[in-house]
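Participant: Please see the structure below; I have some questions.
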Number of protein chains: 2
Amino acid sequence: MKHIKLGIFIFLLSVGTISAQVPNGYNLWLNYSQKPNSSIIKEYQKVSTSVYFQNESDVLNVSREELKRGLKGMLGVDVLFSDAISKSNTLIIATKNNLHQDIQNTLETNYKSIGDEGFIIKSIQFKGKQIIVISANQDVGILYGVFRFLRLLQMETDLSTIHIIDSPKLDLRMLNHWDNLDRTVERGYAGFSLWNWQKLPDFIDQRYIDYARANASIGINGTVLNNVNASALILTPMYLEKVAALANVFRPYGIKVYLTARFSAPIEIGGLDTADPLNSEVQNWWNTMASNIYKAIPDFGGFLVKANSEGQPGPQNYNRTHVDGANMLAKALQPHNGVVIWRSFVYSEHDVTDRAKQAYSEFVPFDGKFMDNVLVQSKNGPIDFQPREPFHPMFGAMPNTNLMMEFQITQEYLGFSTHLVFLPKLFEEVLKADTYAQGKGTTVAKVIDGSITKPKLTGIAGVSNIGNDINWTGHPFAQANWYGFGRLAWNPHLSSETIADEWLRATYCNNSKFIEPVKNMMLNSREAVVNYMNPLGLHHLFDTNHHYGPGPWVSNLSRPEWNPTYYHKADENGIGFNRSSTGSNAVEQYANEVAHVFNTVETCPEDYLLWFHHVPWDYKLKNGESLWNGLALKYQEGVNQVSQMIATWNAVKPYVSEAEYKEVDMLLNIQLKEAKWWKDASLLYFQTFSKQPFPKDIVKPEKSLEYYKSLKFPFAPGIRPHWD
Amino acid sequence: MKHIKLGIFIFLLSVGTISAQVPNGYNLWLNYSQKPNSSIIKEYQKVSTSVYFQNESDVLNVSREELKRGLKGMLGVDVLFSDAISKSNTLIIATKNNLHQDIQNTLETNYKSIGDEGFIIKSIQFKGKQIIVISANQDVGILYGVFRFLRLLQMETDLSTIHIIDSPKLDLRMLNHWDNLDRTVERGYAGFSLWNWQKLPDFIDQRYIDYARANASIGINGTVLNNVNASALILTPMYLEKVAALANVFRPYGIKVYLTARFSAPIEIGGLDTADPLNSEVQNWWNTMASNIYKAIPDFGGFLVKANSEGQPGPQNYNRTHVDGANMLAKALQPHNGVVIWRSFVYSEHDVTDRAKQAYSEFVPFDGKFMDNVLVQSKNGPIDFQPREPFHPMFGAMPNTNLMMEFQITQEYLGFSTHLVFLPKLFEEVLKADTYAQGKGTTVAKVIDGSITKPKLTGIAGVSNIGNDINWTGHPFAQANWYGFGRLAWNPHLSSETIADEWLRATYCNNSKFIEPVKNMMLNSREAVVNYMNPLGLHHLFDTNHHYGPGPWVSNLSRPEWNPTYYHKADENGIGFNRSSTGSNAVEQYANEVAHVFNTVETCPEDYLLWFHHVPWDYKLKNGESLWNGLALKYQEGVNQVSQMIATWNAVKPYVSEAEYKEVDMLLNIQLKEAKWWKDASLLYFQTFSKQPFPKDIVKPEKSLEYYKSLKFPFAPGIRPHWD
């Protein structure tokens with residue numbers, strides 16, 4: 001105990017003398033400033049005494065620099081590199097063909113399983129001595145191996161018997177930045193866009209490099225720089241020169257750059273009078289555009305497209321199909337090995353059917369019709385990134401299509417960057433869900449990793465929560481959502497608990513008195529936000545446009561499916577959206593085994609009860625409470641859970657710096673205030689239908705329903721930019 | 001030499017181990033990480049061995065914390081504070097009444113001259129021992145004294161005979177933030193607004209505290225949080241609660257908060273149907289508004305108002321005068337000791353006279369009619385923050401008015417945050433200009449410091465260049481403009497060379513091999529930008545709206561005085577705006593001695609030649625060149641000066657970190673690119689009138705005039721927000 005306190009004391013001092021005033025969080029989970037405990041640091045120093053590091057590419061150079069930085073920070077040693085492999089080496093880092101034949105033979109079988117991006121970290125015998133080898137088939141595997149090795153040190157892992165053979169389970173592991181050219185970020189809550197278009201291409205901000213380091217450390221290999229609600233100007237020469245400058249920074253870190261393509265660009269910047277995908281002038285325009293892009297960026301990734309969705313232009317403007325549009329772009333990119341990522345997030349104001357059914361209805365009939373270099377990117381649920389949704393029925397329903405997952409890391413519907421919500425818990429719930437598409441055990445994870453249907457390409461995208469705040473994500477714990485998304489993109493079968501444990505140790509310390517309680521706080525945080533915002537399957541109750549705070553009463557928007565009242569359908573009889581066979585029958589889009597369970601009130605999991613059913617206020621829940629009382633108690637439970645989070649954070653105060661403590665404490669208290677706001681506003685509103693009193697354990701609302709209805713937030717962050 | 005290199009090497013290492021990845025610049029000139037040289041550090045450590053620091057107010061607490069932080073960083077010692085003044089003390093810090101009587105007597109005469117905000121730093125004999133005393137009449141004087149003391153250490157000043165008696169020469173020393181509620185910053189080039197309105201009032205960003213520390217360290221005592229093109233919403237309860245939270249952070253640092261008041265607020269948020277200043281409902285509305293503000297912020301500073309200027313509402317909408325408007329607000333604030341700062345930056349599309357004359361014409365007749373708690377804030381020149389303007393004729397012309405200076409620190413017309421331009425050189429030129437208003441020697445500095453006319457209130461404002469970029473100002477050297485403005489606000493008689501010297505030593509190091517060349521680079525940088533943008537008195541040749549780059553050809557804007565062609569009036573006969581007695585006669589607004597000099601081509605300084613005169617292309621300049629050749633050579637000289645700046649920065653590379661070197665090097669190369677752009681675009685355009693070839697020393701333009709005319713920058717930073 002004394003030791004621990006002393007350790008922390010020294011740490012604070014040493015920081016204090018150098019950069020007292022720089023706020024925390026810039027270094028993310030690449031925090032190399034904490035020293036491993038005295039027992040294991042000796043082992044690490046021994047391993048670092050003589051390092052051979054193959055050195056003949058940009059990828060290997062940045063990998064070697066990272067190793068130097070990490071060992072310098074954690075062990076306080078300047079690594080000595082040797083020019084050739086020798087018996088004196090304690091750590092050898094090289095791709096297969098550059099290793100000593102003896103070592104190659106030892107690892108022979110491992111190389112087959114790791115592909116181009118995987119790596120081996122292994123303690124082996126070499127010339128009668130135990131050494132560590134980091135190897136891979138390709139340079140990028142070395143990059144990933146080095147970052148993993150450094151995390152092993154951060155986590156104080158015993159290396160003596162280390163034996164890690166790992167490789168990513170998905171091909172495309174991407175961030176989607178909804179960043180506009182004026183540096184506003186749609187649904188961004190961590191400041192403004194990292195991309196300083198004004199100073200590019202000639203000014204390279206250190207942040208671009210550190211952004212790439214952070215992504216490489218978790219295996220992210222692609223980034224879409226601009227908003228899916230796109231400006232065509234990104235495709236003009238002035239901007240492509242700037243994009244190329246960023247691509248040059250990211251290339252050594254194994255990251256490809258992608259752009260969103262506005263479907264009407266041929267009209268807006270091409271001077272054509274149509275964007276019809278079957279028009280040969282339009283096709284030629286895109287072919288030429290593709291060639292020009294690849295001249296500037298030889299490894300350009302491809303286009304992400306939001307078409308015929310929420311007012312964006314698309315092939316349907318010309319009575320063509322999504323397949324016509326996607327394949328037209330795919331043909332333009334194919335000669336350059338580029339891909340088209342086509343979003344399935346579409347719903348029409350002219351379609352009177354349940355919005356939850358529309359993406360499936362529009363896309364599933366096209367299964368098998370998209371070209372091999374097209375991926376269809378579908379959100380995790382059928383509506384829109386709600387605190388909880390059932391998995392999207394498209395997963396499993398398009399076995400002959402490259403189907404890609406879209407998660408939202410930025411907390412559009414989960415409290416912006418003031419609420420502590422550990423999202424890997426949400427992601428895990430979706431990935432582990434069983435679609436039964438190819439029989440029992442066809443989890444969403446197995447659908448997207450291609451292990452069952454073997455698609456040509458697999459992928460996953462996360463809508464970024466990154467901005468120019470010094471700590472990148474606004475909330476320090478939101479860094480864990482960036483980290484966690486990357487880890488699940490690498491391996492969608494990981495548990496959220498493993499991820500929380502890794503992130504906490506890499507970011508803060510290895511002290512179990514800190515790790516255990518904070519890990520529990522993180523793992524419970526997602527259920528808390530569901531409880532105080534949208535319990536029992538409620539969804540889309542957010543106030544208009546900005547989505548900050550509750551607006552269940554909103555019913556005045558031009559399009560019915562934009563109104564919260566469309567989703568909760570509360571009335572005197574009850575509450576909830578009947579999507580069963582007696583209602584919109586959205587359940588039929590799921591495999592029979594799943595549809596059957598969702599279809600009846602009795603068998604439907606209560607987490608999804610009001611998603612699939614309109615339920616009477618006096619319906620008896622499994623816990624014996626009436627629906628009204630149970631609903632109210634869920635809201636209260638959510639508030640209580642946030643109070644518990646505050647208590648937890650106070651208890652671990654001794655293990656973080658004063659600044660780190662205060663920052664999170666202030667944010668948790670805002671979260672508590674807003675959780676109460678959600679509970680009070682929602683219950684007062686629903687009470688006008690249930691006409692029943694609150695059960696006794698409910699804390700009395702602080703204000704009137706009229707007050708909550710009167711709140712306006714004209715300048716809330718992240719709203720759709722005005723130029724659009 | 002060896003010593004120096006070693007010193008820097010160690011410094012880099014120690015940073016390297018702790019926060020390798022955090023970009024430079026966050027700590028500004030409060031960089032306490034460099035150790036004073038070995039000879040003097042002993043003296044400093046001796047002084048710090050036993051410190052008495054009076055301790056009974058928030059102001060004194062933050063002062064003591066700053067002393068601790070500074071000494072810890074520079075000397076590596078934890079200061080020992082003693083509870084009472086004793087003979088063992090080596091450093092005593094207290095206000096007059098809290099000092100030992102012997103010390104009071106020693107300093108007695110000094111206290112009279114320093115007022116409420118001044119301080120004394122003096123080496124004196126106390127109980128037979130030489131000690132240092134920092135004292136003042138009020139706590140805020142101690143705050144300023146401690147920051148000065150720390151800078152003395154940063155600059156390795158010998159303390160043994162130290163004797164500093166200093167106090168500010170102006171009452172109001174303010175920053176004006178043109179920050180909008182959506183966090184865009186009008187004319188901001190360092191990211192976005194520091195004020196995170198979404199997370200206020202409950203989340204206090206560490207930046208707010210460090211912003212206050214930086215301002216206190218140079219004596220700034222007021223800040224206007226929001227844009228002069230104001231939204232009335234800042235005056236609603238939701239925002240006033242957030243403003244109060246910032247006021248609480250700034251209060252211990254001696255900084256008062258001010259807001260801009262939109263003149264039509266009584267209509268927009270008050271529900272009235274008029275904002276007529278003579279309407280009693282309107283007057284009552286503002287009286288109530290003032291009372292509410294002071295309930296939340298007892299030391300609220302007051303209102304800054306932009307009225308009847310560039311489309312903003314004002315008293316003239318109701319056929320009332322600026323006096324009517326200003327005094328109406330002044331009456332509302334007077335009971336609370338608040339002030340009204342009324343901007344004189346007005347010009348009317350309906351006024352056909354020379355725009356340069358309009359502010360003077362509108363305001364000078366009102367001299368003596370404004371209430372005592374009104375200040376009239378005038379820009380430094382009669383047009384609009386150009387690279388060079390003659391001083392504004394209002395200075396000296398309103399002896400019976402509280403006349404306040406407005407400088408622009410953000411580089412709207414000086415290359416945004418990519419051009420290295422040391423603005424104190426520009427400020428100094430204005431402040432030292434002789435208005436002759438009360439006879440020879442009536443410099444602008446003496447007009448605004450009130451030493452001649454003794455106004456009730458004096459003040460100076462700088463339009464902030466601060467944003468949420470990690471280094472605060474975008475360009476590392478733009479920090480010197482924030483610093484320099486503050487120092488001149490404290491003492492408008494300081495030389496720009498002194499300021500450059502202080503800033504360089506506090507920010508980088510004391511090595512003369514670094515200081516001397518870099519100081520020269522800074523002192524020459526302002527003339528360079530004048531040369532490559534607007535030489536010989538040319539002005540307002542910037543491209544439409546964004547003011548990024550040249551647009552001398554622009555003539556299509558609705559209002560004549562918005563077009564560059566209005567200002568340069570180039571034709572086959574010559575170029576320049578005739579403001580002499582044969583032209584608009586703007587010269588008559590100056591005192592006779594000045595007007596006389598400006599009025600004739602022969603006596604007019606060539607720096608202002610084309611400002612005051614339309615001059616034939618073949619006019620012979622003092623250097624013997626024709627006007628056309630001389631103009632061309634000035635543009636070329638500006639470009640050459642930037643090349644020289646690059647050479648200088650390369651030469652001092654050994655004295656800064658690799659990251660610091662690279663950052664400035666990238667920016668200087670952008671500056672060179674853009675200097676050439678200015679030269680080429682301007683000369684190609686003016687050549688269409690002069691019809692003469694370029695003199696031989698001119699480097700041939702890289703592109704055609706049509707190319708330069710075709711450039712568009714729809715998303716350039718700092719443009720007027722769309723919501724406005």
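Here, A, B, ... name the chains of the structure tokens in the order displayed, residue numbers run from 1 inside each chain, and ligands are numbered from 1 in the same displayed order.
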Dump as a Markdown table the rows for residues of chain B within 9 Å of chain A: closest atom pair and distance in Å with one decimal, only C-alpha atoms counted, ordered by chain and rising residue number.

Facilitator:
```
| residue | atom | partner | partner_atom | distance |
| --- | --- | --- | --- | --- |
| B:Ser14 | CA | A:Ile18 | CA | 7.7 |
| B:Val15 | CA | A:Ile18 | CA | 6.4 |
| B:Gly16 | CA | A:Gly73 | CA | 7.8 |
| B:Thr17 | CA | A:Gly73 | CA | 5.0 |
| B:Ile18 | CA | A:Ser33 | CA | 5.7 |
| B:Ser19 | CA | A:Ser33 | CA | 7.5 |
| B:Ala20 | CA | A:Arg69 | CA | 7.7 |
| B:Gln21 | CA | A:Asn27 | CA | 6.5 |
| B:Val22 | CA | A:Tyr26 | CA | 6.4 |
| B:Pro23 | CA | A:Gln206 | CA | 6.6 |
| B:Tyr26 | CA | A:Val22 | CA | 6.4 |
| B:Asn27 | CA | A:Gln21 | CA | 6.5 |
| B:Asn31 | CA | A:Ser19 | CA | 8.6 |
| B:Tyr32 | CA | A:Ile18 | CA | 7.9 |
| B:Ser33 | CA | A:Ile18 | CA | 5.6 |
| B:Arg69 | CA | A:Ala20 | CA | 7.7 |
| B:Lys72 | CA | A:Thr17 | CA | 6.4 |
| B:Gly73 | CA | A:Thr17 | CA | 4.9 |
| B:Met74 | CA | A:Thr17 | CA | 8.3 |
| B:Gly76 | CA | A:Thr17 | CA | 7.1 |
| B:Leu181 | CA | A:Phe715 | CA | 6.4 |
| B:Asp182 | CA | A:Phe715 | CA | 5.2 |
| B:Arg183 | CA | A:Phe715 | CA | 8.7 |
| B:Thr184 | CA | A:Thr184 | CA | 8.8 |
| B:Gly191 | CA | A:Phe192 | CA | 7.9 |
| B:Phe192 | CA | A:Phe192 | CA | 7.4 |
| B:Asn196 | CA | A:Gly191 | CA | 8.5 |
| B:Trp197 | CA | A:Ala716 | CA | 8.5 |
| B:Gln198 | CA | A:Ala716 | CA | 6.4 |
| B:Lys199 | CA | A:Thr418 | CA | 7.5 |
| B:Asp202 | CA | A:Met666 | CA | 6.6 |
| B:Phe203 | CA | A:Met666 | CA | 5.7 |
| B:Ile204 | CA | A:Met666 | CA | 7.9 |
| B:Asp205 | CA | A:Glu663 | CA | 8.0 |
| B:Gln206 | CA | A:Pro23 | CA | 6.6 |
| B:Arg207 | CA | A:Pro23 | CA | 7.9 |
| B:Asp210 | CA | A:Gln21 | CA | 7.3 |
| B:Thr418 | CA | A:Lys199 | CA | 7.5 |
| B:Asn468 | CA | A:Asp469 | CA | 7.6 |
| B:Asp469 | CA | A:Asn468 | CA | 7.6 |
| B:Ile470 | CA | A:Ile470 | CA | 6.6 |
| B:Ala659 | CA | A:Gln206 | CA | 8.5 |
| B:Glu663 | CA | A:Phe203 | CA | 7.7 |
| B:Met666 | CA | A:Phe203 | CA | 5.6 |
| B:Leu667 | CA | A:Phe203 | CA | 6.6 |
| B:Asn669 | CA | A:Asp202 | CA | 8.0 |
| B:Ile670 | CA | A:Asp202 | CA | 6.6 |
| B:Pro714 | CA | A:Asp182 | CA | 8.6 |
| B:Phe715 | CA | A:Asp182 | CA | 5.2 |
| B:Ala716 | CA | A:Gln198 | CA | 6.4 |
| B:Pro717 | CA | A:Gln198 | CA | 7.2 |
| B:His722 | CA | A:His722 | CA | 6.5 |
| B:Trp723 | CA | A:His722 | CA | 7.4 |
```

Participant: Quick one: residues within 8 Å of Ala500 in chain B, only C-alpha atoms, excluding same-chain residues fewer than 5 positions away - as a list in words?

Facilitator: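 Close residues of Ala500 in chain B: Ala480, Gly484, Lys519, Met522 and Leu523 of chain B.
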
Participant: Please return as a PyMOL selection string: the residues of range 518-595 of chain B that backbone DSSP assigns to alpha helix (DSSP H).

Facilitator: chain B and resi 518-533+564-568+592-595

Participant: For range 613-621 of chain A, work out the shell of residues within 8 Å, counting only C-alpha atoms and skipping chain neighbours fewer than 5 positions away, then give it as a PDB file with N, CA and C atoms, in the first residue's frame.

Facilitator:
```pdb
ATOM      1  N   LYS A 569     -45.801   5.457 -29.559  1.00  0.00           N
ATOM      2  CA  LYS A 569     -47.241   5.237 -29.728  1.00  0.00           C
ATOM      3  C   LYS A 569     -48.010   5.133 -28.409  1.00  0.00           C
ATOM      4  N   ASN A 573     -54.373   3.163 -23.599  1.00  0.00           N
ATOM      5  CA  ASN A 573     -54.351   1.704 -23.434  1.00  0.00           C
ATOM      6  C   ASN A 573     -52.965   1.182 -23.091  1.00  0.00           C
ATOM      7  N   GLY A 574     -51.955   1.865 -23.587  1.00  0.00           N
ATOM      8  CA  GLY A 574     -50.616   1.347 -23.339  1.00  0.00           C
ATOM      9  C   GLY A 574     -49.559   2.079 -24.135  1.00  0.00           C
ATOM     10  N   ILE A 575     -48.418   1.416 -24.347  1.00  0.00           N
ATOM     11  CA  ILE A 575     -47.285   2.042 -25.005  1.00  0.00           C
ATOM     12  C   ILE A 575     -46.475   1.000 -25.770  1.00  0.00           C
ATOM     13  N   GLY A 576     -45.845   1.441 -26.883  1.00  0.00           N
ATOM     14  CA  GLY A 576     -44.997   0.550 -27.654  1.00  0.00           C
ATOM     15  C   GLY A 576     -45.449   0.426 -29.108  1.00  0.00           C
ATOM     16  N   PHE A 577     -44.531  -0.017 -29.956  1.00  0.00           N
ATOM     17  CA  PHE A 577     -44.748  -0.132 -31.397  1.00  0.00           C
ATOM     18  C   PHE A 577     -45.028  -1.612 -31.711  1.00  0.00           C
ATOM     19  N   ASN A 578     -46.209  -1.891 -32.202  1.00  0.00           N
ATOM     20  CA  ASN A 578     -46.545  -3.281 -32.516  1.00  0.00           C
ATOM     21  C   ASN A 578     -45.899  -3.700 -33.834  1.00  0.00           C
ATOM     22  N   ARG A 579     -44.779  -4.382 -33.733  1.00  0.00           N
ATOM     23  CA  ARG A 579     -44.090  -4.874 -34.937  1.00  0.00           C
ATOM     24  C   ARG A 579     -44.256  -6.387 -35.073  1.00  0.00           C
ATOM     25  N   SER A 580     -45.230  -6.929 -34.312  1.00  0.00           N
ATOM     26  CA  SER A 580     -45.487  -8.374 -34.395  1.00  0.00           C
ATOM     27  C   SER A 580     -46.342  -8.662 -35.626  1.00  0.00           C
ATOM     28  N   VAL A 601     -45.688 -11.356 -26.880  1.00  0.00           N
ATOM     29  CA  VAL A 601     -45.346 -10.587 -25.684  1.00  0.00           C
ATOM     30  C   VAL A 601     -44.708 -11.485 -24.624  1.00  0.00           C
ATOM     31  N   SER A 626     -46.440  -3.879 -12.556  1.00  0.00           N
ATOM     32  CA  SER A 626     -47.209  -3.487 -13.744  1.00  0.00           C
ATOM     33  C   SER A 626     -46.262  -2.776 -14.705  1.00  0.00           C
ATOM     34  N   LEU A 627     -46.622  -2.732 -15.990  1.00  0.00           N
ATOM     35  CA  LEU A 627     -45.759  -2.066 -16.971  1.00  0.00           C
ATOM     36  C   LEU A 627     -45.465  -0.628 -16.540  1.00  0.00           C
ATOM     37  N   TRP A 628     -46.505   0.115 -16.106  1.00  0.00           N
ATOM     38  CA  TRP A 628     -46.294   1.516 -15.717  1.00  0.00           C
ATOM     39  C   TRP A 628     -45.299   1.617 -14.572  1.00  0.00           C
ATOM     40  N   GLY A 630     -43.161  -0.664 -13.567  1.00  0.00           N
ATOM     41  CA  GLY A 630     -41.872  -1.211 -13.985  1.00  0.00           C
ATOM     42  C   GLY A 630     -41.090  -0.227 -14.828  1.00  0.00           C
ATOM     43  N   SER A 690     -50.823   7.159 -18.994  1.00  0.00           N
ATOM     44  CA  SER A 690     -51.097   6.057 -18.036  1.00  0.00           C
ATOM     45  C   SER A 690     -52.085   6.507 -16.968  1.00  0.00           C
TER      46      SER A 690
END
```

Participant: Compile the contact shell of range 45-47 of chain A as number ranges by chain: residues with an atom at most 12 Å away, counting only C-alpha atoms, same-chain residues fewer than 3 positions apart removed.

Facilitator: A: 35-36, 38-42, 50-52, 71-72, 74-80, 88-92, 123, 129-133, 149, 153, 158-160

Participant: Restricted to C-alpha atoms, what would the selected residues look like written as a compact mmCIF listing (two decimals), in the first residue's frame?

Facilitator:
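Contents of again.txt, freshly written:
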```txt
# COMPACT_ATOMS: atom_id res chain seq x y z
CA LYS A 35 6.86 2.35 -14.97
CA PRO A 36 6.12 -1.39 -14.65
CA SER A 38 9.98 -3.27 -9.86
CA SER A 39 9.87 -7.07 -10.10
CA ILE A 40 9.02 -7.26 -13.79
CA ILE A 41 10.84 -4.18 -15.06
CA LYS A 42 14.14 -6.07 -14.75
CA SER A 50 20.21 -6.00 -27.64
CA VAL A 51 17.53 -5.54 -30.26
CA TYR A 52 17.72 -6.48 -33.92
CA LEU A 71 10.76 1.44 -24.01
CA LYS A 72 12.25 4.84 -23.26
CA MET A 74 8.32 2.73 -19.59
CA LEU A 75 11.80 1.42 -18.86
CA GLY A 76 13.78 4.64 -19.07
CA VAL A 77 16.31 2.98 -21.36
CA ASP A 78 17.63 3.97 -24.77
CA VAL A 79 17.33 0.79 -26.83
CA LEU A 80 20.53 -0.40 -28.45
CA SER A 88 23.84 -11.54 -28.48
CA ASN A 89 20.34 -10.43 -29.45
CA THR A 90 17.65 -10.53 -26.76
CA LEU A 91 14.82 -9.30 -29.01
CA ILE A 92 14.59 -9.94 -32.74
CA SER A 123 9.69 -16.60 -26.61
CA LYS A 129 19.52 -18.69 -25.38
CA GLN A 130 15.89 -17.76 -24.61
CA ILE A 131 14.92 -14.71 -26.69
CA ILE A 132 11.79 -12.92 -27.87
CA VAL A 133 10.91 -12.81 -31.56
CA PHE A 149 4.31 -6.02 -27.56
CA LEU A 153 4.58 -4.34 -21.22
CA ASP A 158 5.26 -12.09 -18.10
CA LEU A 159 7.24 -12.57 -21.32
CA SER A 160 9.21 -15.67 -20.35
```

Participant: Looking only at the backbone, which of the residues in range 451-632 of chain B does DSSP tag as strand (DSSP E), as a VMD selection string?

Facilitator: chain B and resid 459 to 463 574 to 575 615 to 616

Participant: What does the structure give for the distance between CA of Asn215 in chain A and CA of Lys68 in chain A, in Å to one decimal?

Facilitator: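 Computing it gives 18.4 Å between the two atoms.
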
Participant: List the neighbours of Ser581 in chain A out to 10 Å using only C-alpha atoms; skip same-chain residues closer than 2 positions along the sequence, and give me the result as a compact mmCIF listing (two decimals) with N, CA and C atoms, in the first residue's frame.

Facilitator:
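Result written to around-v3.txt:
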```
# COMPACT_ATOMS: atom_id res chain seq x y z
N ASN A 578 -46.21 -1.89 -32.20
CA ASN A 578 -46.54 -3.28 -32.52
C ASN A 578 -45.90 -3.70 -33.83
N ARG A 579 -44.78 -4.38 -33.73
CA ARG A 579 -44.09 -4.87 -34.94
C ARG A 579 -44.26 -6.39 -35.07
N GLY A 583 -49.11 -6.54 -36.17
CA GLY A 583 -48.81 -5.12 -36.41
C GLY A 583 -48.06 -4.95 -37.72
N SER A 584 -46.95 -4.23 -37.67
CA SER A 584 -46.19 -3.97 -38.92
C SER A 584 -45.52 -5.25 -39.43
N ASN A 585 -45.47 -6.24 -38.55
CA ASN A 585 -44.88 -7.53 -38.91
C ASN A 585 -43.39 -7.42 -39.29
N ALA A 586 -42.69 -6.44 -38.68
CA ALA A 586 -41.25 -6.35 -38.91
C ALA A 586 -40.55 -7.64 -38.45
N VAL A 587 -41.15 -8.36 -37.53
CA VAL A 587 -40.52 -9.59 -37.01
C VAL A 587 -40.25 -10.59 -38.12
N GLU A 588 -41.09 -10.55 -39.17
CA GLU A 588 -40.93 -11.57 -40.22
C GLU A 588 -39.60 -11.42 -40.97
N ALA A 595 -37.79 -14.67 -35.07
CA ALA A 595 -39.10 -14.04 -35.26
C ALA A 595 -40.11 -14.60 -34.26
N HIS A 596 -40.07 -15.90 -34.11
CA HIS A 596 -40.99 -16.60 -33.21
C HIS A 596 -40.88 -16.05 -31.78
N PHE A 598 -39.53 -13.07 -30.80
CA PHE A 598 -39.90 -11.65 -30.74
C PHE A 598 -41.41 -11.45 -30.90
N ASN A 599 -42.07 -12.39 -31.54
CA ASN A 599 -43.44 -12.15 -32.01
C ASN A 599 -44.50 -12.11 -30.91
N THR A 600 -44.26 -12.80 -29.82
CA THR A 600 -45.29 -12.80 -28.77
C THR A 600 -44.78 -12.08 -27.52
N PHE A 612 -41.20 -4.20 -29.99
CA PHE A 612 -41.99 -5.12 -30.83
C PHE A 612 -43.47 -5.15 -30.50
```

Participant: From the set B:Phe81, B:Trp178, B:Tyr436, B:Phe345, which residue has the shortest atom-to-atom contact distance to Gln54 in chain B, counting only C-alpha atoms?

Facilitator: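 Distance minimum relative to Gln54 in chain B lands on B:Phe81.
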
Participant: Applying 7 Å and only C-alpha atoms, which residues near range 134-140 of chain B remain after dropping the ones on its own chain fewer than 6 positions away? List them as a PyMOL selection string.

Facilitator: chain B and resi 59-60+92-96+111+115-122+254

Participant: Would you list the contacts of range 264-274 of chain B as a PyMOL selection string, taking every protein, DNA or RNA residue within 7 Å and counting only C-alpha atoms, but skipping same-chain residues closer than 5 positions in sequence?

Facilitator: chain B and resi 232+282+285+313
